[in-house]
Amino acid sequence: MAEPLRVLQVGAGGMGRAWLRTLAESPGARLVGLVDLDTGLARSAADEHGYGDVPVAASIDELASLADAVVDVTVPAAHPVISATALRHGLPVLSEKPLASTVREGLQMVAAAEVSGKLLMVSQSRRYFRAGNAFARQIAQLGVVGSLSCEFYKAPRFGGFREQMAEPLLVDMAIHQFDLARKLIGTAPVSVYCDSYNPEWSWFEGHAAANAVFTFANGTRFAFNGSWCAPGLETSWNGAWRASAAEGTAYWDGDNAPTAELADGTAVVAELGDEPEQIAGSLAEFVAAVRSGTVPQSEVHSNVISVAMVEAAVQSAATGAAVRIADVLTTAHADAIATATDPAVRACLESWPDVLKTLEV
């Protein structure tokens with residue numbers, strides 16, 4: 001059995017502590033350093049999770065030589081800098097979602113990964129639920145999917161920055177559902193029409209509710225209906241899903257085993273595996289990809305398309321018109337070239353003859 005992957009974690013806040021617990025339980029990875037601008041916070045977090053002998057630092061540069069890879073659990077705005085720094089040190093990166101705050105930054109991160117020749121993967125934890133994977137297998141048995149829908153209704157009171165964002169639901173949450181829809185449908189999103197709004201009783205300053213319809217390359221429609229100010233009868237944090245296909249229907253409540261039946265009423269059995277779930281699942285796939293050189297399902301080229309889905313939905317909500325994903329990516333590619341500060345990254349971006357074809361690699 002291979003030695004555990006030596007991991008340097010960046011970020012010691014709330015989600016950082018969840019990753020510390022996950023790393024402690026992982027047979028394939030071992031924490032060798034913890035980085036945070038607040039080194040006192042990093043030291044206390046490490047000590048609380050049984051890592052008293054693990055060094056802490058304020059920068060990757062101080063501890064990079066100890067590691068085989070980096071797990072980035074910083075705030076989204078810091079992801080581009082953290083990933084670029086780790087990649088320059090020759091370290092593959094597993095980043096918390098979202099990849100970046102904008103598609104422009106995401107494309108620059110794609111280029112940084114290409115320049116380094118190292119893996120950059122995003123932890124899209126909703127891809128790693130056993131029940132969700134069983135739902136995907138059921139859908140695959142039902143023939144052509146005409147429509148996929150997700151209802152997401154929660155009433156969290158976060159306080160802080162989320163309640164002050166212009167589009168909190170779309171920007172901070174919906175990427176989970178948009179990205180999972182890509183996995184379940186299996187083809188590329190083409191366009192979206194989105195309407196976002198804020199119910200009169202909302203405790204959010206921005207639009208905490210949205211309805212979005214995506215068209216995919218194979219003709220499938222994905223409808224997302226959601227709200228973060230919906231008290232009573234709340235859905236799972238994963239949402240409630242329904243797939244209508246040529247030969248039957250599948251339903252998943254987001255938590256329990258999914259159900260499905262064929263047109264004649266025959267049940268399609270839900271086959272649940274025993275694979276690691278949530279962030280433990282993304283960590284396991286990352287470790288395997290680093291060891292084998294295989295491409296994981298949320299590798300940066302693919303994942304930036306999920307970021308583009310969010311950006312397109314926000315644009316559609318602002319303009320009242322449908323927005324093409326290709327237009328978002330094309331505009332962002334030009335902006336990425338114009339704003340790139342690393343000459344190697346700029347040259348890489350300029351070498352792409354077609355951004356869409358580059359992301360399909």
# chains A, B, ... in the order shown; residues from 1 in each chain; ligands from 1
call {"tool": "residues_around", "arguments": {"residues": "A:Met309", "least_positions_apart": "4", "cutoff": "9 Å", "atoms": "only C-alpha atoms", "output": "MDAnalysis selection string"}}
result
chainID A and resid 175 178:179 189 191:192 214 304:305 313:314 325 328
call {"tool": "closest_atom_pairs", "arguments": {"of": "stretch 274-318 of chain A", "to": "stretch 183-188 of chain A", "cutoff": "10 Å", "atoms": "only C-alpha atoms", "output": "tab-separated table"}}
result
residue	atom	partner	partner_atom	distance
A:Gln297	CA	A:Lys183	CA	8.7
A:Ser298	CA	A:Lys183	CA	9.8
A:Ser302	CA	A:Ala188	CA	9.8
A:Ile305	CA	A:Ala188	CA	8.3
A:Ser306	CA	A:Ala188	CA	9.7
call {"tool": "atom_distance", "arguments": {"atom1": "atom CA of A:Val268", "atom2": "atom CA of A:Gly254"}}
result
17.5 Å
call {"tool": "closest_residue", "arguments": {"among": "A:Ser282, A:Asn303, A:Gln164, A:Asn218", "to": "A:Val144", "atoms": "only C-alpha atoms"}}
result
A:Asn218
call {"tool": "residues_around", "arguments": {"residues": "A:Tyr193", "least_positions_apart": "5", "cutoff": "12 Å", "atoms": "only C-alpha atoms", "output": "VMD selection string"}}
result
chain A and resid 210 to 215 221 to 224 309 to 325
call {"tool": "residues_around", "arguments": {"residues": "A:Pro276", "least_positions_apart": "3", "cutoff": "10 Å", "atoms": "only C-alpha atoms", "output": "PyMOL selection string"}}
result
chain A and resi 26+128-130+273+279-285
call {"tool": "write_last_selection", "arguments": {"atoms": "all heavy atoms", "output": "PDB file, in the first residue's frame"}}
result
ATOM      1  N   SER A  26      -8.679   9.827   7.076  1.00  0.00           N
ATOM      2  CA  SER A  26      -8.361   9.325   5.743  1.00  0.00           C
ATOM      3  C   SER A  26      -7.183   8.358   5.762  1.00  0.00           C
ATOM      4  O   SER A  26      -6.117   8.687   6.294  1.00  0.00           O
ATOM      5  CB  SER A  26      -8.026  10.492   4.809  1.00  0.00           C
ATOM      6  OG  SER A  26      -7.497  10.024   3.578  1.00  0.00           O
ATOM      7  N   TYR A 128     -20.687  13.322  -4.083  1.00  0.00           N
ATOM      8  CA  TYR A 128     -20.187  12.174  -3.331  1.00  0.00           C
ATOM      9  C   TYR A 128     -21.165  11.727  -2.245  1.00  0.00           C
ATOM     10  O   TYR A 128     -20.766  11.457  -1.117  1.00  0.00           O
ATOM     11  CB  TYR A 128     -18.827  12.516  -2.709  1.00  0.00           C
ATOM     12  CG  TYR A 128     -17.797  12.891  -3.738  1.00  0.00           C
ATOM     13  CD1 TYR A 128     -17.558  14.227  -4.047  1.00  0.00           C
ATOM     14  CD2 TYR A 128     -17.079  11.927  -4.433  1.00  0.00           C
ATOM     15  CE1 TYR A 128     -16.626  14.584  -5.005  1.00  0.00           C
ATOM     16  CE2 TYR A 128     -16.144  12.266  -5.392  1.00  0.00           C
ATOM     17  CZ  TYR A 128     -15.931  13.608  -5.672  1.00  0.00           C
ATOM     18  OH  TYR A 128     -15.004  13.949  -6.621  1.00  0.00           O
ATOM     19  N   PHE A 129     -22.434  11.630  -2.606  1.00  0.00           N
ATOM     20  CA  PHE A 129     -23.437  11.034  -1.726  1.00  0.00           C
ATOM     21  C   PHE A 129     -23.805   9.672  -2.302  1.00  0.00           C
ATOM     22  O   PHE A 129     -24.100   9.550  -3.492  1.00  0.00           O
ATOM     23  CB  PHE A 129     -24.687  11.923  -1.622  1.00  0.00           C
ATOM     24  CG  PHE A 129     -24.578  13.032  -0.619  1.00  0.00           C
ATOM     25  CD1 PHE A 129     -23.963  14.226  -0.948  1.00  0.00           C
ATOM     26  CD2 PHE A 129     -25.069  12.873   0.666  1.00  0.00           C
ATOM     27  CE1 PHE A 129     -23.850  15.259  -0.030  1.00  0.00           C
ATOM     28  CE2 PHE A 129     -24.961  13.889   1.604  1.00  0.00           C
ATOM     29  CZ  PHE A 129     -24.353  15.087   1.257  1.00  0.00           C
ATOM     30  N   ARG A 130     -23.799   8.657  -1.475  1.00  0.00           N
ATOM     31  CA  ARG A 130     -24.131   7.308  -1.959  1.00  0.00           C
ATOM     32  C   ARG A 130     -25.525   7.274  -2.557  1.00  0.00           C
ATOM     33  O   ARG A 130     -25.738   6.660  -3.609  1.00  0.00           O
ATOM     34  CB  ARG A 130     -24.015   6.299  -0.809  1.00  0.00           C
ATOM     35  CG  ARG A 130     -22.594   6.136  -0.291  1.00  0.00           C
ATOM     36  CD  ARG A 130     -22.543   5.354   1.008  1.00  0.00           C
ATOM     37  NE  ARG A 130     -21.184   5.364   1.555  1.00  0.00           N
ATOM     38  CZ  ARG A 130     -20.864   4.966   2.772  1.00  0.00           C
ATOM     39  NH1 ARG A 130     -21.817   4.506   3.589  1.00  0.00           N
ATOM     40  NH2 ARG A 130     -19.610   5.012   3.189  1.00  0.00           N
ATOM     41  N   GLY A 273     -23.777   2.109  -2.773  1.00  0.00           N
ATOM     42  CA  GLY A 273     -22.446   1.576  -2.542  1.00  0.00           C
ATOM     43  C   GLY A 273     -21.957   1.891  -1.142  1.00  0.00           C
ATOM     44  O   GLY A 273     -22.731   2.304  -0.273  1.00  0.00           O
ATOM     45  N   ILE A 279     -17.016  15.456   1.634  1.00  0.00           N
ATOM     46  CA  ILE A 279     -15.639  15.870   1.404  1.00  0.00           C
ATOM     47  C   ILE A 279     -14.666  14.706   1.528  1.00  0.00           C
ATOM     48  O   ILE A 279     -13.597  14.726   0.915  1.00  0.00           O
ATOM     49  CB  ILE A 279     -15.216  17.048   2.301  1.00  0.00           C
ATOM     50  CG1 ILE A 279     -15.288  16.706   3.781  1.00  0.00           C
ATOM     51  CG2 ILE A 279     -16.060  18.280   1.991  1.00  0.00           C
ATOM     52  CD1 ILE A 279     -14.754  17.830   4.672  1.00  0.00           C
ATOM     53  N   ALA A 280     -15.044  13.667   2.265  1.00  0.00           N
ATOM     54  CA  ALA A 280     -14.192  12.469   2.317  1.00  0.00           C
ATOM     55  C   ALA A 280     -14.150  11.804   0.948  1.00  0.00           C
ATOM     56  O   ALA A 280     -13.119  11.240   0.547  1.00  0.00           O
ATOM     57  CB  ALA A 280     -14.714  11.491   3.367  1.00  0.00           C
ATOM     58  N   GLY A 281     -15.244  11.877   0.220  1.00  0.00           N
ATOM     59  CA  GLY A 281     -15.285  11.310  -1.125  1.00  0.00           C
ATOM     60  C   GLY A 281     -14.418  12.086  -2.093  1.00  0.00           C
ATOM     61  O   GLY A 281     -13.692  11.503  -2.902  1.00  0.00           O
ATOM     62  N   SER A 282     -14.479  13.421  -2.015  1.00  0.00           N
ATOM     63  CA  SER A 282     -13.645  14.213  -2.919  1.00  0.00           C
ATOM     64  C   SER A 282     -12.169  14.043  -2.579  1.00  0.00           C
ATOM     65  O   SER A 282     -11.317  13.981  -3.477  1.00  0.00           O
ATOM     66  CB  SER A 282     -14.052  15.688  -2.893  1.00  0.00           C
ATOM     67  OG  SER A 282     -13.941  16.237  -1.601  1.00  0.00           O
ATOM     68  N   LEU A 283     -11.847  13.928  -1.292  1.00  0.00           N
ATOM     69  CA  LEU A 283     -10.451  13.702  -0.901  1.00  0.00           C
ATOM     70  C   LEU A 283      -9.952  12.364  -1.427  1.00  0.00           C
ATOM     71  O   LEU A 283      -8.836  12.266  -1.958  1.00  0.00           O
ATOM     72  CB  LEU A 283     -10.311  13.752   0.619  1.00  0.00           C
ATOM     73  CG  LEU A 283      -8.906  13.465   1.173  1.00  0.00           C
ATOM     74  CD1 LEU A 283      -7.896  14.483   0.670  1.00  0.00           C
ATOM     75  CD2 LEU A 283      -8.935  13.436   2.704  1.00  0.00           C
ATOM     76  N   ALA A 284     -10.768  11.323  -1.321  1.00  0.00           N
ATOM     77  CA  ALA A 284     -10.369  10.004  -1.802  1.00  0.00           C
ATOM     78  C   ALA A 284     -10.126  10.019  -3.304  1.00  0.00           C
ATOM     79  O   ALA A 284      -9.152   9.427  -3.799  1.00  0.00           O
ATOM     80  CB  ALA A 284     -11.437   8.970  -1.440  1.00  0.00           C
ATOM     81  N   GLU A 285     -11.001  10.712  -4.060  1.00  0.00           N
ATOM     82  CA  GLU A 285     -10.806  10.765  -5.506  1.00  0.00           C
ATOM     83  C   GLU A 285      -9.557  11.583  -5.852  1.00  0.00           C
ATOM     84  O   GLU A 285      -8.818  11.251  -6.783  1.00  0.00           O
ATOM     85  CB  GLU A 285     -12.030  11.353  -6.207  1.00  0.00           C
ATOM     86  CG  GLU A 285     -11.882  11.308  -7.717  1.00  0.00           C
ATOM     87  CD  GLU A 285     -13.144  11.661  -8.479  1.00  0.00           C
ATOM     88  OE1 GLU A 285     -14.088  12.199  -7.879  1.00  0.00           O
ATOM     89  OE2 GLU A 285     -13.184  11.387  -9.693  1.00  0.00           O
TER      90      GLU A 285
END
call {"tool": "residues_around", "arguments": {"residues": "A:Lys97", "least_positions_apart": "4", "cutoff": "8 Å", "atoms": "only C-alpha atoms", "output": "number ranges by chain"}}
result
A: 76, 122-124
call {"tool": "atom_distance", "arguments": {"atom1": "atom CA of A:Arg291", "atom2": "atom CA of A:Leu359"}}
result
23.0 Å
call {"tool": "select_by_dssp", "arguments": {"residues": "stretch 206-283 of chain A", "states": "strand (DSSP E)", "output": "number ranges by chain"}}
result
A: 209-216, 221-227, 240-245, 248-252, 259-262
call {"tool": "decode", "arguments": {"residues": "stretch 342-355 of chain A", "atoms": "all heavy atoms", "output": "mmCIF file, in the first residue's frame"}}
result
data_model
loop_
_atom_site.group_PDB
_atom_site.id
_atom_site.type_symbol
_atom_site.label_atom_id
_atom_site.label_comp_id
_atom_site.auth_asym_id
_atom_site.auth_seq_id
_atom_site.Cartn_x
_atom_site.Cartn_y
_atom_site.Cartn_z
ATOM 1 N N ASP A 342 0.496 37.133 -14.637
ATOM 2 C CA ASP A 342 1.595 36.190 -14.848
ATOM 3 C C ASP A 342 1.772 35.987 -16.350
ATOM 4 O O ASP A 342 0.850 35.515 -17.027
ATOM 5 C CB ASP A 342 1.264 34.862 -14.159
ATOM 6 C CG ASP A 342 2.386 33.846 -14.238
ATOM 7 O OD1 ASP A 342 3.115 33.825 -15.254
ATOM 8 O OD2 ASP A 342 2.538 33.046 -13.293
ATOM 9 N N PRO A 343 2.934 36.319 -16.900
ATOM 10 C CA PRO A 343 3.138 36.185 -18.348
ATOM 11 C C PRO A 343 2.910 34.770 -18.865
ATOM 12 O O PRO A 343 2.386 34.591 -19.972
ATOM 13 C CB PRO A 343 4.600 36.617 -18.541
ATOM 14 C CG PRO A 343 4.892 37.494 -17.375
ATOM 15 C CD PRO A 343 4.110 36.921 -16.239
ATOM 16 N N ALA A 344 3.300 33.763 -18.091
ATOM 17 C CA ALA A 344 3.111 32.378 -18.527
ATOM 18 C C ALA A 344 1.639 32.028 -18.593
ATOM 19 O O ALA A 344 1.185 31.324 -19.510
ATOM 20 C CB ALA A 344 3.849 31.422 -17.585
ATOM 21 N N VAL A 345 0.872 32.506 -17.620
ATOM 22 C CA VAL A 345 -0.574 32.268 -17.618
ATOM 23 C C VAL A 345 -1.221 32.984 -18.799
ATOM 24 O O VAL A 345 -2.072 32.422 -19.489
ATOM 25 C CB VAL A 345 -1.200 32.722 -16.284
ATOM 26 C CG1 VAL A 345 -2.722 32.764 -16.376
ATOM 27 C CG2 VAL A 345 -0.767 31.785 -15.154
ATOM 28 N N ARG A 346 -0.808 34.227 -19.067
ATOM 29 C CA ARG A 346 -1.373 34.966 -20.191
ATOM 30 C C ARG A 346 -1.070 34.254 -21.505
ATOM 31 O O ARG A 346 -1.945 34.105 -22.367
ATOM 32 C CB ARG A 346 -0.825 36.388 -20.241
ATOM 33 C CG ARG A 346 -1.453 37.236 -21.365
ATOM 34 C CD ARG A 346 -0.825 38.608 -21.505
ATOM 35 N NE ARG A 346 -0.864 39.333 -20.254
ATOM 36 C CZ ARG A 346 0.211 39.624 -19.520
ATOM 37 N NH1 ARG A 346 1.409 39.231 -19.934
ATOM 38 N NH2 ARG A 346 0.098 40.291 -18.403
ATOM 39 N N ALA A 347 0.170 33.797 -21.664
ATOM 40 C CA ALA A 347 0.551 33.101 -22.896
ATOM 41 C C ALA A 347 -0.263 31.826 -23.079
ATOM 42 O O ALA A 347 -0.678 31.493 -24.200
ATOM 43 C CB ALA A 347 2.039 32.781 -22.876
ATOM 44 N N CYS A 348 -0.515 31.125 -21.981
ATOM 45 C CA CYS A 348 -1.324 29.905 -22.052
ATOM 46 C C CYS A 348 -2.745 30.231 -22.484
ATOM 47 O O CYS A 348 -3.304 29.575 -23.368
ATOM 48 C CB CYS A 348 -1.312 29.195 -20.704
ATOM 49 S SG CYS A 348 -2.214 27.636 -20.682
ATOM 50 N N LEU A 349 -3.333 31.252 -21.892
ATOM 51 C CA LEU A 349 -4.688 31.667 -22.261
ATOM 52 C C LEU A 349 -4.759 32.058 -23.734
ATOM 53 O O LEU A 349 -5.716 31.723 -24.441
ATOM 54 C CB LEU A 349 -5.127 32.842 -21.381
ATOM 55 C CG LEU A 349 -5.444 32.530 -19.914
ATOM 56 C CD1 LEU A 349 -5.452 33.814 -19.093
ATOM 57 C CD2 LEU A 349 -6.785 31.816 -19.789
ATOM 58 N N GLU A 350 -3.745 32.765 -24.203
ATOM 59 C CA GLU A 350 -3.727 33.206 -25.598
ATOM 60 C C GLU A 350 -3.546 32.044 -26.569
ATOM 61 O O GLU A 350 -3.919 32.149 -27.745
ATOM 62 C CB GLU A 350 -2.591 34.222 -25.797
ATOM 63 C CG GLU A 350 -2.855 35.560 -25.124
ATOM 64 C CD GLU A 350 -1.652 36.491 -25.182
ATOM 65 O OE1 GLU A 350 -0.515 35.984 -25.360
ATOM 66 O OE2 GLU A 350 -1.853 37.713 -25.050
ATOM 67 N N SER A 351 -3.015 30.927 -26.066
ATOM 68 C CA SER A 351 -2.774 29.770 -26.939
ATOM 69 C C SER A 351 -4.032 28.964 -27.208
ATOM 70 O O SER A 351 -4.037 28.094 -28.088
ATOM 71 C CB SER A 351 -1.720 28.851 -26.315
ATOM 72 O OG SER A 351 -2.246 28.131 -25.198
ATOM 73 N N TRP A 352 -5.110 29.244 -26.467
ATOM 74 C CA TRP A 352 -6.344 28.487 -26.659
ATOM 75 C C TRP A 352 -7.078 29.033 -27.894
ATOM 76 O O TRP A 352 -7.569 30.169 -27.859
ATOM 77 C CB TRP A 352 -7.264 28.622 -25.454
ATOM 78 C CG TRP A 352 -6.709 28.110 -24.161
ATOM 79 C CD1 TRP A 352 -5.589 27.351 -23.965
ATOM 80 C CD2 TRP A 352 -7.257 28.347 -22.850
ATOM 81 N NE1 TRP A 352 -5.405 27.085 -22.631
ATOM 82 C CE2 TRP A 352 -6.412 27.680 -21.922
ATOM 83 C CE3 TRP A 352 -8.367 29.031 -22.372
ATOM 84 C CZ2 TRP A 352 -6.657 27.699 -20.554
ATOM 85 C CZ3 TRP A 352 -8.609 29.061 -21.014
ATOM 86 C CH2 TRP A 352 -7.767 28.394 -20.120
ATOM 87 N N PRO A 353 -7.228 28.267 -28.949
ATOM 88 C CA PRO A 353 -7.957 28.757 -30.128
ATOM 89 C C PRO A 353 -9.452 28.860 -29.891
ATOM 90 O O PRO A 353 -10.146 29.666 -30.517
ATOM 91 C CB PRO A 353 -7.630 27.714 -31.204
ATOM 92 C CG PRO A 353 -7.321 26.469 -30.427
ATOM 93 C CD PRO A 353 -6.646 26.926 -29.166
ATOM 94 N N ASP A 354 -9.949 28.038 -28.977
ATOM 95 C CA ASP A 354 -11.391 28.003 -28.679
ATOM 96 C C ASP A 354 -11.555 27.607 -27.236
ATOM 97 O O ASP A 354 -11.218 26.487 -26.838
ATOM 98 C CB ASP A 354 -12.087 26.992 -29.605
ATOM 99 C CG ASP A 354 -13.598 26.996 -29.439
ATOM 100 O OD1 ASP A 354 -14.071 27.026 -28.290
ATOM 101 O OD2 ASP A 354 -14.313 26.947 -30.450
ATOM 102 N N VAL A 355 -12.070 28.529 -26.409
ATOM 103 C CA VAL A 355 -12.161 28.255 -24.971
ATOM 104 C C VAL A 355 -13.072 27.060 -24.687
ATOM 105 O O VAL A 355 -12.814 26.263 -23.780
ATOM 106 C CB VAL A 355 -12.625 29.514 -24.212
ATOM 107 C CG1 VAL A 355 -14.041 29.918 -24.580
ATOM 108 C CG2 VAL A 355 -12.527 29.286 -22.691
#
